Each structure stands twice: as C-alpha cells, then as structure tokens.
>>> print(open('structure.txt').read())   # compact mmCIF, C-alpha atoms and all ligand atoms
# COMPACT_ATOMS: atom_id res chain seq x y z
CA MET F 1 -73.93 -28.36 54.62
CA THR F 2 -75.07 -26.49 51.55
CA LYS F 3 -77.81 -23.99 52.24
CA PRO F 4 -80.28 -22.81 49.59
CA ILE F 5 -79.98 -19.11 48.85
CA LEU F 6 -82.59 -18.80 46.14
CA GLU F 7 -85.36 -21.20 45.19
CA LEU F 8 -87.46 -20.94 42.05
CA LYS F 9 -90.61 -23.04 42.28
CA ASP F 10 -92.75 -23.88 39.25
CA ILE F 11 -91.97 -20.58 37.53
CA VAL F 12 -94.07 -19.81 34.47
CA THR F 13 -93.58 -16.67 32.36
CA VAL F 14 -95.86 -15.71 29.52
CA VAL F 15 -95.22 -12.83 27.09
CA ASN F 16 -97.61 -10.97 24.79
CA LYS F 17 -100.51 -12.07 26.94
CA GLY F 18 -103.94 -11.98 25.33
CA THR F 19 -102.57 -11.52 21.81
CA SER F 20 -102.07 -13.98 18.96
CA ASN F 21 -98.34 -13.87 19.82
CA GLU F 22 -98.85 -15.15 23.38
CA THR F 23 -95.90 -17.37 24.26
CA THR F 24 -94.97 -19.26 27.39
CA ILE F 25 -91.21 -18.92 27.84
CA LEU F 26 -90.41 -20.53 31.20
CA LYS F 27 -92.48 -23.65 31.76
CA GLU F 28 -92.81 -24.62 35.44
CA LEU F 29 -89.11 -24.16 35.96
CA ASN F 30 -87.65 -25.35 39.27
CA LEU F 31 -84.18 -24.40 40.46
CA THR F 32 -82.48 -24.29 43.85
CA ILE F 33 -79.29 -22.24 44.07
CA ASN F 34 -77.10 -23.11 47.04
CA GLU F 35 -74.57 -20.96 48.86
CA GLY F 36 -71.25 -20.99 46.98
CA ASP F 37 -72.70 -22.43 43.78
CA PHE F 38 -71.02 -21.30 40.57
CA ILE F 39 -73.50 -22.44 37.93
CA THR F 40 -72.76 -22.25 34.21
CA ILE F 41 -75.86 -22.10 32.00
CA VAL F 42 -76.01 -23.20 28.37
CA GLY F 43 -78.89 -23.63 25.93
CA SER F 44 -79.91 -22.82 22.37
CA ASN F 45 -80.97 -19.36 21.25
CA GLY F 46 -84.41 -18.66 22.63
CA ALA F 47 -84.18 -21.40 25.30
CA GLY F 48 -85.05 -18.86 28.02
CA LYS F 49 -81.65 -18.14 29.62
CA SER F 50 -81.97 -14.34 29.70
CA THR F 51 -85.62 -14.66 30.69
CA LEU F 52 -84.50 -16.76 33.67
CA PHE F 53 -82.11 -13.94 34.68
CA ASN F 54 -84.87 -11.37 34.15
CA VAL F 55 -87.19 -13.31 36.43
CA ILE F 56 -84.50 -13.66 39.12
CA GLY F 57 -83.59 -9.97 38.75
CA GLY F 58 -87.21 -8.81 38.87
CA ASN F 59 -87.13 -7.16 35.40
CA LEU F 60 -89.86 -9.58 34.43
CA SER F 61 -92.44 -10.92 36.85
CA ALA F 62 -93.37 -14.58 36.96
CA ASP F 63 -96.96 -15.31 35.90
CA SER F 64 -97.11 -18.14 38.37
CA GLY F 65 -94.77 -19.89 40.75
CA GLN F 66 -92.76 -18.66 43.69
CA ILE F 67 -89.29 -17.23 44.36
CA LEU F 68 -87.76 -17.64 47.82
CA LEU F 69 -84.65 -15.88 49.09
CA HIS F 70 -83.26 -17.56 52.22
CA GLY F 71 -86.72 -19.13 52.55
CA GLU F 72 -88.60 -15.81 52.33
CA ASP F 73 -91.07 -15.15 49.55
CA ILE F 74 -89.77 -12.38 47.28
CA THR F 75 -91.91 -13.24 44.23
CA HIS F 76 -93.50 -9.79 44.19
CA GLU F 77 -90.40 -7.71 44.98
CA ASN F 78 -89.50 -5.35 42.16
CA GLU F 79 -86.17 -4.93 40.38
CA GLU F 80 -84.96 -2.17 42.71
CA ASP F 81 -85.75 -4.17 45.84
CA ARG F 82 -83.78 -7.08 44.47
CA THR F 83 -80.61 -5.02 43.92
CA HIS F 84 -80.10 -5.46 47.67
CA PHE F 85 -79.26 -9.10 47.19
CA LEU F 86 -78.13 -9.43 43.59
CA SER F 87 -76.03 -7.83 40.91
CA ARG F 88 -75.83 -8.48 37.19
CA VAL F 89 -73.14 -8.03 34.54
CA PHE F 90 -74.30 -7.74 30.94
CA GLN F 91 -72.61 -8.54 27.64
CA ASP F 92 -72.21 -4.87 26.68
CA PRO F 93 -69.19 -3.29 28.46
CA LYS F 94 -70.95 0.10 28.31
CA LEU F 95 -73.80 -0.99 30.56
CA GLY F 96 -72.20 -1.51 33.96
CA THR F 97 -70.19 1.68 34.54
CA ALA F 98 -70.55 5.48 34.46
CA PRO F 99 -68.31 6.59 31.52
CA ARG F 100 -67.28 10.04 32.80
CA MET F 101 -66.35 8.84 36.24
CA THR F 102 -62.94 7.36 36.96
CA VAL F 103 -62.33 3.69 37.74
CA ALA F 104 -61.89 4.49 41.45
CA GLU F 105 -65.06 6.61 41.54
CA ASN F 106 -67.06 3.84 39.90
CA MET F 107 -65.76 1.39 42.49
CA LEU F 108 -66.65 3.75 45.33
CA LEU F 109 -70.12 4.18 43.85
CA ALA F 110 -70.54 0.39 43.74
CA GLU F 111 -69.36 0.05 47.31
CA LYS F 112 -71.77 2.73 48.52
CA ARG F 113 -74.71 1.38 46.57
CA GLY F 114 -77.88 1.53 48.64
CA GLU F 115 -76.30 3.89 51.20
CA LYS F 116 -77.33 7.53 51.59
CA ARG F 117 -73.77 8.87 51.99
CA ARG F 118 -72.47 11.15 49.27
CA LEU F 119 -69.45 10.43 47.12
CA VAL F 120 -66.76 12.72 48.59
CA PRO F 121 -62.96 12.77 48.02
CA ARG F 122 -62.33 12.09 51.73
CA HIS F 123 -64.02 8.73 51.30
CA MET F 124 -61.92 8.03 48.24
CA LYS F 125 -58.64 8.44 50.18
CA GLN F 126 -59.73 5.76 52.62
CA HIS F 127 -60.50 3.35 49.84
CA ILE F 128 -58.01 3.86 47.03
CA ASP F 129 -55.37 1.35 48.24
CA LYS F 130 -58.00 -1.34 48.70
CA PHE F 131 -59.56 -0.64 45.27
CA THR F 132 -56.13 -0.71 43.58
CA LYS F 133 -55.37 -4.06 45.22
CA ILE F 134 -58.71 -5.50 44.07
CA ALA F 135 -58.15 -4.19 40.51
CA THR F 136 -54.79 -5.99 40.39
CA THR F 137 -56.61 -9.34 40.62
CA MET F 138 -58.02 -8.75 37.11
CA ASN F 139 -54.53 -9.15 35.56
CA ASN F 140 -55.19 -6.59 32.85
CA GLY F 141 -53.56 -3.35 34.02
CA LEU F 142 -56.78 -1.94 35.49
CA GLU F 143 -54.89 -1.02 38.67
CA GLU F 144 -52.76 1.45 36.67
CA ARG F 145 -55.84 3.27 35.44
CA MET F 146 -57.58 4.12 38.69
CA SER F 147 -57.82 7.84 37.74
CA THR F 148 -58.88 7.20 34.13
CA ALA F 149 -62.44 7.96 33.04
CA THR F 150 -64.14 4.62 32.48
CA GLY F 151 -65.16 5.63 28.94
CA ASN F 152 -61.45 5.65 28.00
CA LEU F 153 -60.72 2.09 29.11
CA SER F 154 -60.42 -0.86 26.75
CA GLY F 155 -63.55 -3.06 26.50
CA GLY F 156 -61.80 -5.79 28.52
CA GLN F 157 -60.79 -3.41 31.32
CA ARG F 158 -64.25 -1.88 31.40
CA GLN F 159 -65.92 -5.27 31.60
CA ALA F 160 -63.47 -6.38 34.33
CA LEU F 161 -64.46 -3.23 36.24
CA SER F 162 -68.18 -4.03 35.79
CA PHE F 163 -67.52 -7.50 37.17
CA LEU F 164 -65.56 -6.16 40.17
CA MET F 165 -68.28 -3.60 40.88
CA ALA F 166 -70.84 -6.40 40.87
CA THR F 167 -68.86 -8.29 43.51
CA LEU F 168 -67.77 -5.44 45.83
CA LYS F 169 -70.76 -5.62 48.16
CA ARG F 170 -70.76 -9.43 48.19
CA PRO F 171 -74.32 -9.81 46.89
CA ASP F 172 -76.09 -13.09 47.63
CA ILE F 173 -76.21 -13.81 43.89
CA ILE F 174 -74.25 -12.54 40.88
CA LEU F 175 -75.76 -12.97 37.41
CA LEU F 176 -73.21 -13.03 34.59
CA ASP F 177 -75.10 -12.66 31.33
CA GLU F 178 -72.49 -13.67 28.70
CA HIS F 179 -70.23 -11.07 30.28
CA THR F 180 -67.21 -11.96 28.13
CA ALA F 181 -69.02 -12.48 24.80
CA ALA F 182 -68.17 -9.06 23.35
CA LEU F 183 -64.43 -9.46 24.04
CA ASP F 184 -61.68 -10.91 21.84
CA PRO F 185 -60.72 -14.53 22.69
CA ARG F 186 -57.60 -13.71 24.72
CA THR F 187 -59.29 -10.92 26.70
CA SER F 188 -62.37 -13.08 27.23
CA ASN F 189 -60.25 -15.95 28.50
CA ASN F 190 -58.37 -13.66 30.87
CA LEU F 191 -61.60 -12.26 32.32
CA LEU F 192 -63.12 -15.73 32.69
CA HIS F 193 -60.14 -16.92 34.71
CA ALA F 194 -60.19 -13.78 36.87
CA THR F 195 -63.95 -14.26 37.34
CA ASN F 196 -63.47 -17.85 38.38
CA GLU F 197 -60.74 -16.97 40.88
CA ARG F 198 -62.74 -14.22 42.52
CA ILE F 199 -65.90 -16.33 42.76
CA THR F 200 -64.21 -19.43 44.14
CA GLN F 201 -61.71 -17.72 46.47
CA ASP F 202 -64.34 -15.40 47.95
CA HIS F 203 -66.95 -18.15 48.04
CA LEU F 204 -69.44 -16.04 46.06
CA THR F 205 -72.58 -17.47 44.47
CA ALA F 206 -72.93 -16.90 40.73
CA LEU F 207 -74.79 -17.97 37.60
CA MET F 208 -73.04 -17.51 34.26
CA ILE F 209 -74.69 -17.79 30.83
CA THR F 210 -72.31 -18.79 28.05
CA HIS F 211 -72.54 -20.08 24.49
CA HIS F 212 -69.09 -21.69 24.78
CA LEU F 213 -69.53 -25.28 25.89
CA GLU F 214 -65.83 -25.61 26.78
CA ASP F 215 -66.14 -22.67 29.19
CA ALA F 216 -69.34 -24.09 30.68
CA LEU F 217 -67.45 -27.34 31.33
CA LYS F 218 -64.25 -25.75 32.59
CA PHE F 219 -65.76 -23.34 35.11
CA GLY F 220 -68.22 -23.73 37.97
CA ASN F 221 -69.33 -26.59 40.20
CA ARG F 222 -72.69 -27.02 38.42
CA LEU F 223 -73.80 -26.90 34.81
CA ILE F 224 -77.38 -26.35 33.70
CA VAL F 225 -78.78 -26.97 30.24
CA LEU F 226 -81.89 -24.95 29.52
CA ASN F 227 -84.09 -26.09 26.68
CA ASN F 228 -87.46 -24.77 25.63
CA GLY F 229 -88.11 -23.06 28.96
CA THR F 230 -87.19 -25.94 31.28
CA ILE F 231 -84.04 -27.36 32.84
CA LYS F 232 -83.01 -30.38 30.77
CA ALA F 233 -79.94 -31.19 32.83
CA ASP F 234 -78.46 -30.04 36.12
CA LEU F 235 -75.05 -31.65 36.44
CA ARG F 236 -72.59 -31.36 39.29
CA GLY F 237 -69.64 -33.05 40.94
CA GLU F 238 -68.31 -36.13 39.21
CA GLU F 239 -71.14 -36.07 36.69
CA LYS F 240 -70.04 -32.62 35.54
CA ASP F 241 -66.35 -33.50 35.64
CA LYS F 242 -66.89 -36.48 33.35
CA LEU F 243 -68.94 -34.54 30.82
CA THR F 244 -67.45 -33.69 27.42
CA ALA F 245 -68.54 -31.03 24.93
CA GLU F 246 -69.91 -33.85 22.75
CA ASN F 247 -72.16 -35.29 25.50
CA LEU F 248 -73.25 -31.79 26.35
CA TYR F 249 -74.14 -31.07 22.76
CA GLU F 250 -76.52 -34.04 22.81
CA TYR F 251 -78.63 -32.32 25.49
CA PHE F 252 -79.34 -29.56 22.98
CA GLU F 253 -81.13 -32.04 20.75
CA MET F 254 -83.36 -33.49 23.46
N1 LIG F 301 -90.41 -9.50 26.48
C1 LIG F 301 -90.53 -10.39 25.51
N2 LIG F 301 -91.54 -10.30 24.60
C2 LIG F 301 -91.69 -11.23 23.65
N3 LIG F 301 -90.89 -12.32 23.49
C3 LIG F 301 -89.89 -12.44 24.35
C4 LIG F 301 -89.64 -11.51 25.40
N4 LIG F 301 -88.58 -11.92 26.10
C5 LIG F 301 -88.16 -13.05 25.51
N5 LIG F 301 -88.94 -13.38 24.46
C6 LIG F 301 -88.83 -14.57 23.63
O1 LIG F 301 -88.68 -15.67 24.51
C7 LIG F 301 -87.76 -16.62 24.03
C8 LIG F 301 -86.66 -16.82 25.03
O2 LIG F 301 -85.85 -15.67 25.05
P1 LIG F 301 -84.49 -15.52 25.90
O3 LIG F 301 -83.90 -14.21 25.52
O4 LIG F 301 -84.77 -15.78 27.32
O5 LIG F 301 -83.64 -16.72 25.30
P2 LIG F 301 -82.08 -17.00 25.47
O6 LIG F 301 -81.97 -18.44 25.86
O7 LIG F 301 -81.46 -16.02 26.40
O8 LIG F 301 -81.57 -16.80 23.99
P3 LIG F 301 -80.18 -16.25 23.39
O9 LIG F 301 -79.20 -17.35 23.56
O10 LIG F 301 -80.51 -16.01 21.98
O11 LIG F 301 -79.82 -15.01 24.14
C9 LIG F 301 -87.28 -16.07 22.70
O12 LIG F 301 -88.03 -16.70 21.68
C10 LIG F 301 -87.57 -14.59 22.79
O13 LIG F 301 -87.80 -14.04 21.52
>>> encode(input="structure.txt", output="structure tokens")
Amino acid sequence: MTKPILELKDIVTVVNKGTSNETTILKELNLTINEGDFITIVGSNGAGKSTLFNVIGGNLSADSGQILLHGEDITHENEEDRTHFLSRVFQDPKLGTAPRMTVAENMLLAEKRGEKRRLVPRHMKQHIDKFTKIATTMNNGLEERMSTATGNLSGGQRQALSFLMATLKRPDIILLDEHTAALDPRTSNNLLHATNERITQDHLTALMITHHLEDALKFGNRLIVLNNGTIKADLRGEEKDKLTAENLYEYFEM
C-alpha cells in the first residue's frame, strides 16, 4: 500500500502583497506525494515549479492552505525545521558543497547534519570505505577524489557529490531543482542515470524539475505538468508509459 508522505492542500502563494505588482503564483494547488514516488515536474517558465519547491522547503510560506507530513501539520514550520525531513539540490554546482573541504569531509558533514558531534578525523576513518563505495555509484571517478577539495572537482563531479550528500541521511523527500541543467549533455545524462538508480534502488522519494520532456518521460513513476500555478496533469503507471513528448507538449498549451 502506498502511504502519503507529504500532502499539499489548497496551497495559495501570493507575492508582492499590497502592491500594484501583487501576483498569485500557486492557485489552490493540491498534491499528495506517496512513499517511493519519483515525480518529474515540467511546465513553462514562470509556471510555479520553483515556487512549489520553495513552499515545500519552507523558503516561502503559503498564504493559505495546509501542508501535512505523515499526516502532521507542518504548514508553519520554517526552512530550518524542514531540513530534518527534506534535502534539495540546486542547478548551480557551487551551492551544495563547501569548496575548501574535501569530498570525504563534505560527505561526513552531510551524514552528521543535525547532530551535535564535531567533525573529527577519527570519525572519518570509520566512514571512508563506505563513502568511497557510495561515490563509485556515480560512475564519474568521484571515488578517486575523496581527498580533493570540492572546489577543484569538475562541475559534474561536484553536482554528483551534492546529490549524494542530499541522499545520505535518507530524507523523507529530495527536491531536485534542475540539478543537471548546468552540465554538458553527456555529464547530465550520466548524473540522471545515477540519480535514477539511487532513488529507485534505495526506494527514496524525490521530485525532479526538468525542462527536458524526454527526461521527464524516461525517469520516475509519476509526471506532473504545472501550468499557471496549478497541476494540469498528474500522470502515472500506464498513462505515463504511453505518453510521448508530443502529447506532453500539448499540456503546455492548455
Ligand atoms: N519572490 C518572488 N517575488 C516576485 N515574483 C516572484 C517571486 N517568486 C516567483 N515569482 C514569480 O512567480 C512566477 C513563478 O515563478 P517560478 O520561479 O516558480 O516559476 P518556474 O516554473 O520555476 O519557472 P522557470 O522554469 O523559469 O524556472 C514567475 O512569474 C516569477 O517571476
């Protein structure tokens, strides 16, 4: 049985309140995310995709509506509180990692997130074999650079590290905000496949924004089309499998 992890109920977000630029971005948006869902999200520029992630992440508060995590109301929890159950990977490879720290240190930091323990070499020794093994799953040589400062990695390796760090503590939800968009096509493709393997094999729950319809079709068990602040389509199973890029494109015009 699929269990809901996160439920968004009638979410409305308004920006520039009280000014002549007041705009409603999300318009009574409803979405239930179930355990193990890997949802790809597409939609035109300005459709509200990043705003949806900001509302889930607590960077932006909903003006009305409710957010439930495992049935509990978390609508008023702030961004920091929500890091206990979610992690996010951004488009910019520089955002997810500390540049002067090594790959292994960044991974240790991610694993100890939320704990009071200090980062000490003794802890590193216990973890290095496990971290190296995890890095190997990225298929991009990251495992050979465990002692390299993150700032000296290639963009693809750095973004793969950001993704791994986001998954290390098995958050309830992982938000992938066009996390391969800044990479060249081959590197992007490699990271997408590694992402897919880690999410499906470890039964993680993730939402991934992409502008590439083929990727939205290829990956995930559910595909959502966001248009003008609402969900225009939420396709899964056979319905998603049968979909082509051409049919999908039609949803953009609705
Ligand atoms: N804090 C804000 N203040 C004012 N306008 C905002 C704010 N956040 C988002 N918007 C506007 O809301 C609309 C939706 O933005 P959002 O970034 O969520 O769209 P998106 O679907 O992620 O677009 P893109 O594909 O271009 O990244 C846009 O018109 C944007 O300019």
>>> residues_near_ligand(input="structure.txt", ligand="ligand LIG 301 (chain F)", cutoff="6 Å", atoms="all atoms listed in the file", output="tab-separated table (two decimals) with C-alpha atoms, in the frame of the given file")
chain	number	residue	atom	x	y	z
F	15	VAL	CA	-95.22	-12.83	27.09
F	25	ILE	CA	-91.21	-18.92	27.84
F	44	SER	CA	-79.91	-22.82	22.37
F	45	ASN	CA	-80.97	-19.36	21.25
F	46	GLY	CA	-84.41	-18.66	22.63
F	47	ALA	CA	-84.18	-21.40	25.30
F	48	GLY	CA	-85.05	-18.86	28.02
F	49	LYS	CA	-81.65	-18.14	29.62
F	50	SER	CA	-81.97	-14.34	29.70
F	51	THR	CA	-85.62	-14.66	30.69
>>> residues_around(input="structure.txt", residues="range 33-42 of chain F", least_positions_apart="6", cutoff="9 Å", atoms="only C-alpha atoms", output="PyMOL selection string")
chain F and resi 2-8+49+172-173+196+199-200+202-213+215-217+219-227+252
>>> write_last_selection(input="structure.txt", atoms="C-alpha atoms", output="tab-separated table (two decimals), keeping the file's coordinate frame")
chain	number	residue	atom	x	y	z
F	2	THR	CA	-75.07	-26.49	51.55
F	3	LYS	CA	-77.81	-23.99	52.24
F	4	PRO	CA	-80.28	-22.81	49.59
F	5	ILE	CA	-79.98	-19.11	48.85
F	6	LEU	CA	-82.59	-18.80	46.14
F	7	GLU	CA	-85.36	-21.20	45.19
F	8	LEU	CA	-87.46	-20.94	42.05
F	49	LYS	CA	-81.65	-18.14	29.62
F	172	ASP	CA	-76.09	-13.09	47.63
F	173	ILE	CA	-76.21	-13.81	43.89
F	196	ASN	CA	-63.47	-17.85	38.38
F	199	ILE	CA	-65.90	-16.33	42.76
F	200	THR	CA	-64.21	-19.43	44.14
F	202	ASP	CA	-64.34	-15.40	47.95
F	203	HIS	CA	-66.95	-18.15	48.04
F	204	LEU	CA	-69.44	-16.04	46.06
F	205	THR	CA	-72.58	-17.47	44.47
F	206	ALA	CA	-72.93	-16.90	40.73
F	207	LEU	CA	-74.79	-17.97	37.60
F	208	MET	CA	-73.04	-17.51	34.26
F	209	ILE	CA	-74.69	-17.79	30.83
F	210	THR	CA	-72.31	-18.79	28.05
F	211	HIS	CA	-72.54	-20.08	24.49
F	212	HIS	CA	-69.09	-21.69	24.78
F	213	LEU	CA	-69.53	-25.28	25.89
F	215	ASP	CA	-66.14	-22.67	29.19
F	216	ALA	CA	-69.34	-24.09	30.68
F	217	LEU	CA	-67.45	-27.34	31.33
F	219	PHE	CA	-65.76	-23.34	35.11
F	220	GLY	CA	-68.22	-23.73	37.97
F	221	ASN	CA	-69.33	-26.59	40.20
F	222	ARG	CA	-72.69	-27.02	38.42
F	223	LEU	CA	-73.80	-26.90	34.81
F	224	ILE	CA	-77.38	-26.35	33.70
F	225	VAL	CA	-78.78	-26.97	30.24
F	226	LEU	CA	-81.89	-24.95	29.52
F	227	ASN	CA	-84.09	-26.09	26.68
F	252	PHE	CA	-79.34	-29.56	22.98
>>> residues_around(input="structure.txt", residues="range 92-105 of chain F", least_positions_apart="2", cutoff="10 Å", atoms="only C-alpha atoms", output="ChimeraX atom specification")
/F:88-90,107-111,119-121,124,127-129,131-132,135,142-163,165-166,177-183
>>> atom_distance(input="structure.txt", atom1="CA of Leu164 in chain F", atom2="CA of Arg82 in chain F")
18.7 Å
>>> atom_distance(input="structure.txt", atom1="CA of Thr195 in chain F", atom2="CA of Leu68 in chain F")
26.2 Å
>>> atom_distance(input="structure.txt", atom1="CA of Thr23 in chain F", atom2="CA of Phe85 in chain F")
29.5 Å
>>> closest_residue(input="structure.txt", among="F:Asn16, F:Asn59, F:Thr137, F:Asn106", to="Asp81 in chain F", atoms="all atoms listed in the file")
F:Asn59
>>> closest_residue(input="structure.txt", among="F:Arg198, F:Asn140, F:Lys240, F:Leu176", to="Gln91 in chain F", atoms="only C-alpha atoms")
F:Leu176
>>> closest_residue(input="structure.txt", among="F:Val14, F:Ile134, F:Ile74, F:Leu52", to="Leu31 in chain F", atoms="all atoms listed in the file")
F:Leu52
>>> closest_residue(input="structure.txt", among="F:Gln126, F:Asn30, F:Thr19, F:Thr24", to="Lys232 in chain F", atoms="all atoms listed in the file")
F:Asn30
>>> closest_residue(input="structure.txt", among="F:Glu80, F:Asp10, F:Glu197, F:Asp234", to="Ile67 in chain F", atoms="only C-alpha atoms")
F:Asp10
>>> build_atoms(input="structure.txt", residues="range 235-254 of chain F", atoms="N, CA and C atoms", output="mmCIF file, keeping the file's coordinate frame")
data_model
loop_
_atom_site.group_PDB
_atom_site.id
_atom_site.type_symbol
_atom_site.label_atom_id
_atom_site.label_comp_id
_atom_site.auth_asym_id
_atom_site.auth_seq_id
_atom_site.Cartn_x
_atom_site.Cartn_y
_atom_site.Cartn_z
ATOM 1 N N LEU F 235 -76.135 -30.711 36.166
ATOM 2 C CA LEU F 235 -75.050 -31.650 36.440
ATOM 3 C C LEU F 235 -74.043 -31.039 37.397
ATOM 4 N N ARG F 236 -73.584 -31.854 38.330
ATOM 5 C CA ARG F 236 -72.590 -31.360 39.290
ATOM 6 C C ARG F 236 -71.625 -32.458 39.674
ATOM 7 N N GLY F 237 -70.606 -32.083 40.422
ATOM 8 C CA GLY F 237 -69.640 -33.050 40.940
ATOM 9 C C GLY F 237 -69.035 -33.905 39.847
ATOM 10 N N GLU F 238 -68.955 -35.195 40.134
ATOM 11 C CA GLU F 238 -68.310 -36.130 39.210
ATOM 12 C C GLU F 238 -69.009 -36.163 37.854
ATOM 13 N N GLU F 239 -70.350 -36.030 37.922
ATOM 14 C CA GLU F 239 -71.140 -36.070 36.690
ATOM 15 C C GLU F 239 -70.723 -34.927 35.749
ATOM 16 N N LYS F 240 -70.477 -33.773 36.347
ATOM 17 C CA LYS F 240 -70.040 -32.620 35.540
ATOM 18 C C LYS F 240 -68.599 -32.830 35.081
ATOM 19 N N ASP F 241 -67.762 -33.311 35.978
ATOM 20 C CA ASP F 241 -66.350 -33.500 35.640
ATOM 21 C C ASP F 241 -66.162 -34.453 34.468
ATOM 22 N N LYS F 242 -67.045 -35.457 34.401
ATOM 23 C CA LYS F 242 -66.890 -36.480 33.350
ATOM 24 C C LYS F 242 -67.443 -36.031 32.001
ATOM 25 N N LEU F 243 -68.239 -34.990 32.023
ATOM 26 C CA LEU F 243 -68.940 -34.540 30.820
ATOM 27 C C LEU F 243 -67.957 -34.000 29.769
ATOM 28 N N THR F 244 -68.250 -34.276 28.502
ATOM 29 C CA THR F 244 -67.450 -33.690 27.420
ATOM 30 C C THR F 244 -68.363 -32.762 26.614
ATOM 31 N N ALA F 245 -67.746 -31.954 25.762
ATOM 32 C CA ALA F 245 -68.540 -31.030 24.930
ATOM 33 C C ALA F 245 -69.495 -31.831 24.047
ATOM 34 N N GLU F 246 -69.047 -33.022 23.610
ATOM 35 C CA GLU F 246 -69.910 -33.850 22.750
ATOM 36 C C GLU F 246 -71.160 -34.335 23.474
ATOM 37 N N ASN F 247 -70.969 -34.853 24.731
ATOM 38 C CA ASN F 247 -72.160 -35.290 25.500
ATOM 39 C C ASN F 247 -73.086 -34.108 25.726
ATOM 40 N N LEU F 248 -72.465 -32.972 26.024
ATOM 41 C CA LEU F 248 -73.250 -31.790 26.350
ATOM 42 C C LEU F 248 -74.080 -31.362 25.142
ATOM 43 N N TYR F 249 -73.474 -31.463 24.003
ATOM 44 C CA TYR F 249 -74.140 -31.070 22.760
ATOM 45 C C TYR F 249 -75.408 -31.902 22.546
ATOM 46 N N GLU F 250 -75.356 -33.161 22.988
ATOM 47 C CA GLU F 250 -76.520 -34.040 22.810
ATOM 48 C C GLU F 250 -77.751 -33.513 23.570
ATOM 49 N N TYR F 251 -77.497 -32.860 24.715
ATOM 50 C CA TYR F 251 -78.630 -32.320 25.490
ATOM 51 C C TYR F 251 -79.389 -31.258 24.705
ATOM 52 N N PHE F 252 -78.697 -30.608 23.759
ATOM 53 C CA PHE F 252 -79.340 -29.560 22.980
ATOM 54 C C PHE F 252 -80.385 -30.146 22.028
ATOM 55 N N GLU F 253 -80.221 -31.417 21.721
ATOM 56 C CA GLU F 253 -81.130 -32.040 20.750
ATOM 57 C C GLU F 253 -82.320 -32.732 21.405
ATOM 58 N N MET F 254 -82.287 -32.760 22.764
ATOM 59 C CA MET F 254 -83.360 -33.490 23.460
ATOM 60 C C MET F 254 -84.687 -32.783 23.357
#
